[in-house]
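Source file: upload-v2.cif; contents: mmCIF, C-alpha atoms; chains and numbers go by the auth columns.
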```cif
data_protein
#
loop_
_atom_site.group_PDB
_atom_site.id
_atom_site.type_symbol
_atom_site.label_atom_id
_atom_site.label_comp_id
_atom_site.label_asym_id
_atom_site.label_seq_id
_atom_site.Cartn_x
_atom_site.Cartn_y
_atom_site.Cartn_z
_atom_site.B_iso_or_equiv
_atom_site.auth_seq_id
_atom_site.auth_asym_id
ATOM 1 C CA MET A 1 -19.257 -29.630 56.382 0.00 963 A
ATOM 2 C CA GLY A 2 -20.165 -26.640 54.251 0.00 964 A
ATOM 3 C CA LYS A 3 -20.905 -23.064 55.186 0.00 965 A
ATOM 4 C CA PRO A 4 -24.396 -22.288 56.433 0.00 966 A
ATOM 5 C CA LYS A 5 -26.719 -22.021 53.471 0.00 967 A
ATOM 6 C CA VAL A 6 -27.040 -18.377 52.520 0.00 968 A
ATOM 7 C CA ASP A 7 -29.286 -17.822 49.547 0.00 969 A
ATOM 8 C CA ASN A 8 -28.487 -14.274 48.496 0.00 970 A
ATOM 9 C CA SER A 9 -30.677 -14.535 45.403 0.00 971 A
ATOM 10 C CA ALA A 10 -33.631 -15.151 47.706 0.00 972 A
ATOM 11 C CA ASP A 11 -32.473 -12.180 49.801 0.00 973 A
ATOM 12 C CA ALA A 12 -32.384 -9.987 46.701 0.00 974 A
ATOM 13 C CA ILE A 13 -35.927 -11.031 45.788 0.00 975 A
ATOM 14 C CA ARG A 14 -37.155 -10.260 49.332 0.00 976 A
ATOM 15 C CA VAL A 15 -35.454 -6.852 49.211 0.00 977 A
ATOM 16 C CA ALA A 16 -37.033 -6.066 45.835 0.00 978 A
ATOM 17 C CA SER A 17 -40.494 -7.087 47.005 0.00 979 A
ATOM 18 C CA PHE A 18 -40.163 -5.249 50.322 0.00 980 A
ATOM 19 C CA SER A 19 -41.014 -1.829 48.876 0.00 981 A
ATOM 20 C CA GLY A 20 -44.196 -3.039 47.235 0.00 982 A
ATOM 21 C CA GLY A 21 -45.296 -5.014 50.275 0.00 983 A
ATOM 22 C CA MET A 22 -44.573 -2.135 52.607 0.00 984 A
ATOM 23 C CA ARG A 23 -47.241 0.037 50.987 0.00 985 A
ATOM 24 C CA ALA A 24 -49.948 -2.295 52.287 0.00 986 A
ATOM 25 C CA GLU A 25 -48.627 -2.127 55.856 0.00 987 A
ATOM 26 C CA THR A 26 -49.600 0.306 58.565 0.00 988 A
ATOM 27 C CA ASP A 27 -46.754 2.537 59.768 0.00 989 A
ATOM 28 C CA ARG A 28 -46.220 0.149 62.684 0.00 990 A
ATOM 29 C CA GLY A 29 -46.166 -2.836 60.330 0.00 991 A
ATOM 30 C CA ALA A 30 -43.789 -1.124 57.896 0.00 992 A
ATOM 31 C CA VAL A 31 -41.281 -0.301 60.647 0.00 993 A
ATOM 32 C CA LEU A 32 -41.478 -3.749 62.250 0.00 994 A
ATOM 33 C CA VAL A 33 -41.165 -5.562 58.909 0.00 995 A
ATOM 34 C CA GLY A 34 -38.360 -3.274 57.687 0.00 996 A
ATOM 35 C CA ALA A 35 -36.355 -3.816 60.874 0.00 997 A
ATOM 36 C CA ALA A 36 -36.998 -7.580 60.756 0.00 998 A
ATOM 37 C CA LEU A 37 -35.753 -7.708 57.159 0.00 999 A
ATOM 38 C CA LEU A 38 -32.516 -5.911 58.076 0.00 1000 A
ATOM 39 C CA ASP A 39 -32.061 -8.124 61.144 0.00 1001 A
ATOM 40 C CA GLU A 40 -32.400 -11.253 59.009 0.00 1002 A
ATOM 41 C CA LEU A 41 -30.026 -9.932 56.341 0.00 1003 A
ATOM 42 C CA LEU A 42 -27.424 -9.069 59.001 0.00 1004 A
ATOM 43 C CA GLY A 43 -27.662 -12.661 60.222 0.00 1005 A
ATOM 44 C CA HIS A 44 -26.996 -13.887 56.688 0.00 1006 A
ATOM 45 C CA LEU A 45 -24.081 -11.470 56.321 0.00 1007 A
ATOM 46 C CA LEU A 46 -22.526 -12.696 59.564 0.00 1008 A
ATOM 47 C CA ALA A 47 -23.032 -16.333 58.556 0.00 1009 A
ATOM 48 C CA THR A 48 -20.910 -15.707 55.454 0.00 1010 A
ATOM 49 C CA ALA A 49 -18.072 -14.443 57.661 0.00 1011 A
ATOM 50 C CA PHE A 50 -18.260 -17.256 60.232 0.00 1012 A
ATOM 51 C CA ILE A 51 -16.231 -20.433 60.173 0.00 1013 A
ATOM 52 C CA ASP A 52 -17.270 -23.448 58.176 0.00 1014 A
ATOM 53 C CA ASP A 53 -19.401 -24.925 60.984 0.00 1015 A
ATOM 54 C CA PRO A 54 -23.157 -24.457 60.520 0.00 1016 A
ATOM 55 C CA LYS A 55 -24.010 -25.741 64.004 0.00 1017 A
ATOM 56 C CA ALA A 56 -21.682 -23.240 65.679 0.00 1018 A
ATOM 57 C CA SER A 57 -22.965 -20.438 63.407 0.00 1019 A
ATOM 58 C CA ASN A 58 -26.564 -21.286 64.225 0.00 1020 A
ATOM 59 C CA ARG A 59 -25.789 -21.307 67.971 0.00 1021 A
ATOM 60 C CA MET A 60 -24.460 -17.764 67.600 0.00 1022 A
ATOM 61 C CA LEU A 61 -27.282 -16.442 65.419 0.00 1023 A
ATOM 62 C CA GLU A 62 -30.351 -18.153 66.870 0.00 1024 A
ATOM 63 C CA TYR A 63 -31.911 -17.262 70.223 0.00 1025 A
ATOM 64 C CA PRO A 64 -30.406 -17.274 72.851 0.00 1026 A
ATOM 65 C CA GLY A 65 -27.105 -16.972 70.979 0.00 1027 A
ATOM 66 C CA ALA A 66 -24.722 -14.056 71.378 0.00 1028 A
ATOM 67 C CA CYS A 67 -25.731 -12.660 67.969 0.00 1029 A
ATOM 68 C CA SER A 68 -29.446 -13.350 68.075 0.00 1030 A
ATOM 69 C CA THR A 69 -30.495 -9.709 68.446 0.00 1031 A
ATOM 70 C CA PHE A 70 -30.601 -6.912 65.892 0.00 1032 A
ATOM 71 C CA ALA A 71 -28.247 -4.738 67.993 0.00 1033 A
ATOM 72 C CA ALA A 72 -25.699 -7.522 68.504 0.00 1034 A
ATOM 73 C CA ARG A 73 -25.699 -8.420 64.812 0.00 1035 A
ATOM 74 C CA ALA A 74 -25.212 -4.803 63.741 0.00 1036 A
ATOM 75 C CA ASP A 75 -22.423 -4.268 66.271 0.00 1037 A
ATOM 76 C CA LEU A 76 -20.604 -7.476 65.309 0.00 1038 A
ATOM 77 C CA ALA A 77 -20.918 -6.740 61.575 0.00 1039 A
ATOM 78 C CA TYR A 78 -19.375 -3.341 62.270 0.00 1040 A
ATOM 79 C CA CYS A 79 -16.594 -4.756 64.485 0.00 1041 A
ATOM 80 C CA LEU A 80 -15.722 -7.290 61.775 0.00 1042 A
ATOM 81 C CA GLY A 81 -15.487 -4.501 59.194 0.00 1043 A
ATOM 82 C CA LEU A 82 -18.440 -5.820 57.189 0.00 1044 A
ATOM 83 C CA ILE A 83 -20.349 -2.539 57.490 0.00 1045 A
ATOM 84 C CA GLY A 84 -19.181 1.012 58.082 0.00 1046 A
ATOM 85 C CA PRO A 85 -19.904 3.486 60.868 0.00 1047 A
ATOM 86 C CA ASP A 86 -22.685 5.289 58.966 0.00 1048 A
ATOM 87 C CA VAL A 87 -24.476 2.001 58.318 0.00 1049 A
ATOM 88 C CA VAL A 88 -24.259 0.877 61.946 0.00 1050 A
ATOM 89 C CA ARG A 89 -25.642 4.288 63.013 0.00 1051 A
ATOM 90 C CA ASP A 90 -28.586 3.927 60.622 0.00 1052 A
ATOM 91 C CA LEU A 91 -29.213 0.375 61.822 0.00 1053 A
ATOM 92 C CA SER A 92 -29.177 1.611 65.412 0.00 1054 A
ATOM 93 C CA CYS A 93 -31.673 4.361 64.545 0.00 1055 A
ATOM 94 C CA ILE A 94 -33.935 1.840 62.787 0.00 1056 A
ATOM 95 C CA ARG A 95 -33.708 -0.429 65.847 0.00 1057 A
ATOM 96 C CA LYS A 96 -34.779 2.507 68.047 0.00 1058 A
ATOM 97 C CA LEU A 97 -37.655 3.266 65.680 0.00 1059 A
ATOM 98 C CA ARG A 98 -38.691 -0.390 65.780 0.00 1060 A
ATOM 99 C CA ASN A 99 -38.672 -0.315 69.579 0.00 1061 A
ATOM 100 C CA GLN A 100 -40.788 2.857 69.602 0.00 1062 A
ATOM 101 C CA PHE A 101 -43.422 1.176 67.448 0.00 1063 A
ATOM 102 C CA ALA A 102 -43.219 -2.248 69.093 0.00 1064 A
ATOM 103 C CA HIS A 103 -43.476 -1.039 72.674 0.00 1065 A
ATOM 104 C CA SER A 104 -45.919 1.834 72.392 0.00 1066 A
ATOM 105 C CA PRO A 105 -49.498 0.961 73.349 0.00 1067 A
ATOM 106 C CA TRP A 106 -50.642 4.213 71.710 0.00 1068 A
ATOM 107 C CA GLY A 107 -50.845 4.969 68.029 0.00 1069 A
ATOM 108 C CA VAL A 108 -47.336 5.974 66.985 0.00 1070 A
ATOM 109 C CA THR A 109 -47.034 6.899 63.317 0.00 1071 A
ATOM 110 C CA LEU A 110 -44.232 7.887 60.997 0.00 1072 A
ATOM 111 C CA ALA A 111 -45.945 11.283 60.747 0.00 1073 A
ATOM 112 C CA ASP A 112 -45.255 12.010 64.445 0.00 1074 A
ATOM 113 C CA GLU A 113 -42.770 14.866 64.779 0.00 1075 A
ATOM 114 C CA ARG A 114 -40.346 12.926 66.993 0.00 1076 A
ATOM 115 C CA ILE A 115 -40.390 9.931 64.616 0.00 1077 A
ATOM 116 C CA GLY A 116 -40.018 12.211 61.582 0.00 1078 A
ATOM 117 C CA THR A 117 -36.953 13.798 63.190 0.00 1079 A
ATOM 118 C CA MET A 118 -35.439 10.345 63.695 0.00 1080 A
ATOM 119 C CA CYS A 119 -36.036 9.562 60.013 0.00 1081 A
ATOM 120 C CA ASP A 120 -34.378 12.861 59.028 0.00 1082 A
ATOM 121 C CA GLU A 121 -31.347 11.879 61.124 0.00 1083 A
ATOM 122 C CA LEU A 122 -30.806 8.619 59.241 0.00 1084 A
ATOM 123 C CA GLU A 123 -27.316 9.005 57.787 0.00 1085 A
ATOM 124 C CA ILE A 124 -28.358 8.115 54.248 0.00 1086 A
ATOM 125 C CA ILE A 125 -30.915 10.956 54.299 0.00 1087 A
ATOM 126 C CA ALA A 126 -28.621 13.404 56.124 0.00 1088 A
ATOM 127 C CA GLY A 127 -25.786 12.599 53.718 0.00 1089 A
ATOM 128 C CA MET A 128 -27.983 13.282 50.715 0.00 1090 A
ATOM 129 C CA ARG A 129 -28.920 16.641 52.209 0.00 1091 A
ATOM 130 C CA ARG A 130 -25.269 17.508 52.847 0.00 1092 A
ATOM 131 C CA ARG A 131 -24.570 16.832 49.170 0.00 1093 A
ATOM 132 C CA GLY A 132 -27.347 19.250 48.224 0.00 1094 A
ATOM 133 C CA THR A 133 -29.993 16.707 47.245 0.00 1095 A
ATOM 134 C CA LYS A 134 -33.479 18.051 47.807 0.00 1096 A
ATOM 135 C CA ILE A 135 -35.541 15.370 49.506 0.00 1097 A
ATOM 136 C CA ALA A 136 -39.277 15.629 48.974 0.00 1098 A
ATOM 137 C CA MET A 137 -40.312 12.462 50.817 0.00 1099 A
ATOM 138 C CA SER A 138 -42.506 11.840 53.808 0.00 1100 A
ATOM 139 C CA ALA A 139 -40.958 10.219 56.867 0.00 1101 A
ATOM 140 C CA ARG A 140 -42.490 6.957 55.693 0.00 1102 A
ATOM 141 C CA GLY A 141 -40.868 7.395 52.273 0.00 1103 A
ATOM 142 C CA LYS A 142 -37.503 8.154 53.889 0.00 1104 A
ATOM 143 C CA PHE A 143 -37.777 5.131 56.151 0.00 1105 A
ATOM 144 C CA GLY A 144 -38.664 2.815 53.259 0.00 1106 A
ATOM 145 C CA PHE A 145 -35.921 4.266 51.065 0.00 1107 A
ATOM 146 C CA VAL A 146 -33.259 3.819 53.763 0.00 1108 A
ATOM 147 C CA VAL A 147 -34.368 0.256 54.529 0.00 1109 A
ATOM 148 C CA ALA A 148 -34.253 -0.629 50.812 0.00 1110 A
ATOM 149 C CA VAL A 149 -30.776 0.904 50.363 0.00 1111 A
ATOM 150 C CA LEU A 150 -29.422 -0.807 53.489 0.00 1112 A
ATOM 151 C CA ALA A 151 -31.001 -4.144 52.583 0.00 1113 A
ATOM 152 C CA SER A 152 -29.590 -4.005 49.068 0.00 1114 A
ATOM 153 C CA ASN A 153 -26.109 -3.147 50.303 0.00 1115 A
ATOM 154 C CA ILE A 154 -26.099 -5.750 53.094 0.00 1116 A
ATOM 155 C CA THR A 155 -27.178 -8.376 50.537 0.00 1117 A
ATOM 156 C CA ARG A 156 -24.405 -7.270 48.182 0.00 1118 A
ATOM 157 C CA MET A 157 -21.836 -7.364 50.988 0.00 1119 A
ATOM 158 C CA ALA A 158 -22.939 -10.892 51.941 0.00 1120 A
ATOM 159 C CA ASP A 159 -22.369 -11.977 48.347 0.00 1121 A
ATOM 160 C CA ILE A 160 -18.900 -10.383 48.311 0.00 1122 A
ATOM 161 C CA GLN A 161 -18.065 -11.943 51.673 0.00 1123 A
ATOM 162 C CA LYS A 162 -19.249 -15.357 50.520 0.00 1124 A
ATOM 163 C CA HIS A 163 -16.654 -15.295 47.738 0.00 1125 A
ATOM 164 C CA ALA A 164 -13.812 -13.723 49.756 0.00 1126 A
ATOM 165 C CA LYS A 165 -10.631 -15.704 50.192 0.00 1127 A
ATOM 166 C CA ARG A 166 -10.004 -16.658 53.800 0.00 1128 A
ATOM 167 C CA ALA A 167 -6.747 -16.989 55.671 0.00 1129 A
ATOM 168 C CA PRO A 168 -5.942 -20.549 56.750 0.00 1130 A
ATOM 169 C CA LYS A 169 -7.437 -21.558 60.071 0.00 1131 A
ATOM 170 C CA LEU A 170 -5.195 -21.433 63.101 0.00 1132 A
ATOM 171 C CA THR A 171 -5.054 -24.991 64.428 0.00 1133 A
ATOM 172 C CA PRO A 172 -2.774 -26.692 66.964 0.00 1134 A
ATOM 173 C CA ASP A 173 -1.001 -28.496 64.104 0.00 1135 A
ATOM 174 C CA ARG A 174 -0.218 -25.179 62.391 0.00 1136 A
ATOM 175 C CA LEU A 175 1.003 -23.691 65.662 0.00 1137 A
ATOM 176 C CA LEU A 176 3.470 -26.530 66.212 0.00 1138 A
ATOM 177 C CA ASP A 177 4.658 -26.839 62.604 0.00 1139 A
ATOM 178 C CA PRO A 178 8.040 -25.047 62.326 0.00 1140 A
ATOM 179 C CA LYS A 179 7.438 -24.492 58.591 0.00 1141 A
ATOM 180 C CA SER A 180 4.128 -22.776 59.243 0.00 1142 A
ATOM 181 C CA GLN A 181 4.104 -19.008 59.115 0.00 1143 A
ATOM 182 C CA ASN A 182 1.671 -18.701 61.957 0.00 1144 A
ATOM 183 C CA PRO A 183 0.646 -15.211 63.059 0.00 1145 A
ATOM 184 C CA LEU A 184 1.391 -15.841 66.739 0.00 1146 A
ATOM 185 C CA GLY A 185 5.097 -16.428 66.209 0.00 1147 A
ATOM 186 C CA TYR A 186 5.300 -19.915 67.774 0.00 1148 A
#
```

Go ahead and render the structure in this file as structure tokens.
Amino acid sequence: MGKPKVDNSADAIRVASFSGGMRAETDRGAVLVGAALLDELLGHLLATAFIDDPKASNRMLEYPGACSTFAARADLAYCLGLIGPDVVRDLSCIRKLRNQFAHSPWGVTLADERIGTMCDELEIIAGMRRRGTKIAMSARGKFGFVVAVLASNITRMADIQKHAKRAPKLTPDRLLDPKSQNPLGY
């Protein structure tokens, strides 16, 4: 059995077209679509790190699997060392923004002060400011920029992970083989 099919070239095309497609969306649509894109890309990233068992991977990544939510995928990617602490913080902020837009019956927009503050706190934006970069973007521009940067980097990391050399699997035969250099010391 092969690894779950992860088509990173298709991911790259979706990421590239995201910015153009986002312009046609309302603020609510842009946030929901941006978060959905990142959620999907995190699933692909995790699939590249999982064992060579598509059925088991799909059970983890598809509802009601342990990694079927945006938060769980971001946390697991971080715990596996696939993304760094700044990225997981930005993903968490985007998840909170998504929830604000998804669960508000009233017209929330990216121009709202509270939402704008959340966009300013995205680590990519805050980091640029710390380095002295003047940022003349609306909250919507910041949100779209951060989603595009994250999506591009998650796609790139999935491609790197797909080609990474893996340690041999720990199996009962390896554990009992005296010639095996198993990590558990049996």

Applied to this file, what does the PyMOL selection byres ((chain A and resi 1085-1097) around 12) return in terms of residues, put as a PyMOL selection string? chain A and resi 1046-1056+1078-1084+1098-1101+1103-1112

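Nearest residue to A:Arg1102, choosing from A:Asn1061, A:Asp1074, A:Leu1023, A:Thr1031 and counting all atoms listed in the file: A:Asp1074.
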
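Between A:Ala1034 and the residues A:Asp1001, A:Asp989, A:Glu1075, A:Asp1121, the shortest atom-to-atom distance, using all atoms listed in the file, involves A:Asp1001.
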
Rank nothing, just name the residue among A:Leu1008, A:Met984, A:Ala1113, A:Ala992 nearest to A:Gly1043, using only C-alpha atoms.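 Comparing A:Leu1008, A:Met984, A:Ala1113, A:Ala992 against A:Gly1043, the winner is A:Leu1008.
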
Expected selection from the PyMOL selection byres ((chain A and resi 995) around 12), given as a PyMOL selection string: chain A and resi 976-977+980-981+983-994+996-1002+1056-1057+1059-1060+1063-1064+1105-1106+1109-1110

Take the residues from that selection and put them in a file with C-alpha atoms, as an mmCIF file, in the coordinates of the input.
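again01.cif, written as the output of this step:
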```cif
data_model
loop_
_atom_site.group_PDB
_atom_site.id
_atom_site.type_symbol
_atom_site.label_atom_id
_atom_site.label_comp_id
_atom_site.auth_asym_id
_atom_site.auth_seq_id
_atom_site.Cartn_x
_atom_site.Cartn_y
_atom_site.Cartn_z
ATOM 1 C CA ARG A 976 -37.155 -10.260 49.332
ATOM 2 C CA VAL A 977 -35.454 -6.852 49.211
ATOM 3 C CA PHE A 980 -40.163 -5.249 50.322
ATOM 4 C CA SER A 981 -41.014 -1.829 48.876
ATOM 5 C CA GLY A 983 -45.296 -5.014 50.275
ATOM 6 C CA MET A 984 -44.573 -2.135 52.607
ATOM 7 C CA ARG A 985 -47.241 0.037 50.987
ATOM 8 C CA ALA A 986 -49.948 -2.295 52.287
ATOM 9 C CA GLU A 987 -48.627 -2.127 55.856
ATOM 10 C CA THR A 988 -49.600 0.306 58.565
ATOM 11 C CA ASP A 989 -46.754 2.537 59.768
ATOM 12 C CA ARG A 990 -46.220 0.149 62.684
ATOM 13 C CA GLY A 991 -46.166 -2.836 60.330
ATOM 14 C CA ALA A 992 -43.789 -1.124 57.896
ATOM 15 C CA VAL A 993 -41.281 -0.301 60.647
ATOM 16 C CA LEU A 994 -41.478 -3.749 62.250
ATOM 17 C CA GLY A 996 -38.360 -3.274 57.687
ATOM 18 C CA ALA A 997 -36.355 -3.816 60.874
ATOM 19 C CA ALA A 998 -36.998 -7.580 60.756
ATOM 20 C CA LEU A 999 -35.753 -7.708 57.159
ATOM 21 C CA LEU A 1000 -32.516 -5.911 58.076
ATOM 22 C CA ASP A 1001 -32.061 -8.124 61.144
ATOM 23 C CA GLU A 1002 -32.400 -11.253 59.009
ATOM 24 C CA ILE A 1056 -33.935 1.840 62.787
ATOM 25 C CA ARG A 1057 -33.708 -0.429 65.847
ATOM 26 C CA LEU A 1059 -37.655 3.266 65.680
ATOM 27 C CA ARG A 1060 -38.691 -0.390 65.780
ATOM 28 C CA PHE A 1063 -43.422 1.176 67.448
ATOM 29 C CA ALA A 1064 -43.219 -2.248 69.093
ATOM 30 C CA PHE A 1105 -37.777 5.131 56.151
ATOM 31 C CA GLY A 1106 -38.664 2.815 53.259
ATOM 32 C CA VAL A 1109 -34.368 0.256 54.529
ATOM 33 C CA ALA A 1110 -34.253 -0.629 50.812
#
```

Can you translate the PyMOL selection byres ((chain A and resi 1038) around 12) into the concrete residues it hits in this file, as a VMD selection string? chain A and resid 1004 to 1005 1007 to 1009 1011 to 1012 1022 to 1023 1028 to 1037 1039 to 1047 1050

So that all listed atoms of stretch 1088-1092 of chain A fit with 8 Å spare on each side, what axis-aligned box centre and edge lengths in Å, to one decimal, would you give as lines of an AutoDock Vina configuration file?
```
center_x = -27.1
center_y = 15.1
center_z = 53.4
size_x = 19.7
size_y = 20.9
size_z = 21.4
```

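Put simply, atom CA of A:Asn1020 is 25.5 Å away from atom CA of A:Lys1058.
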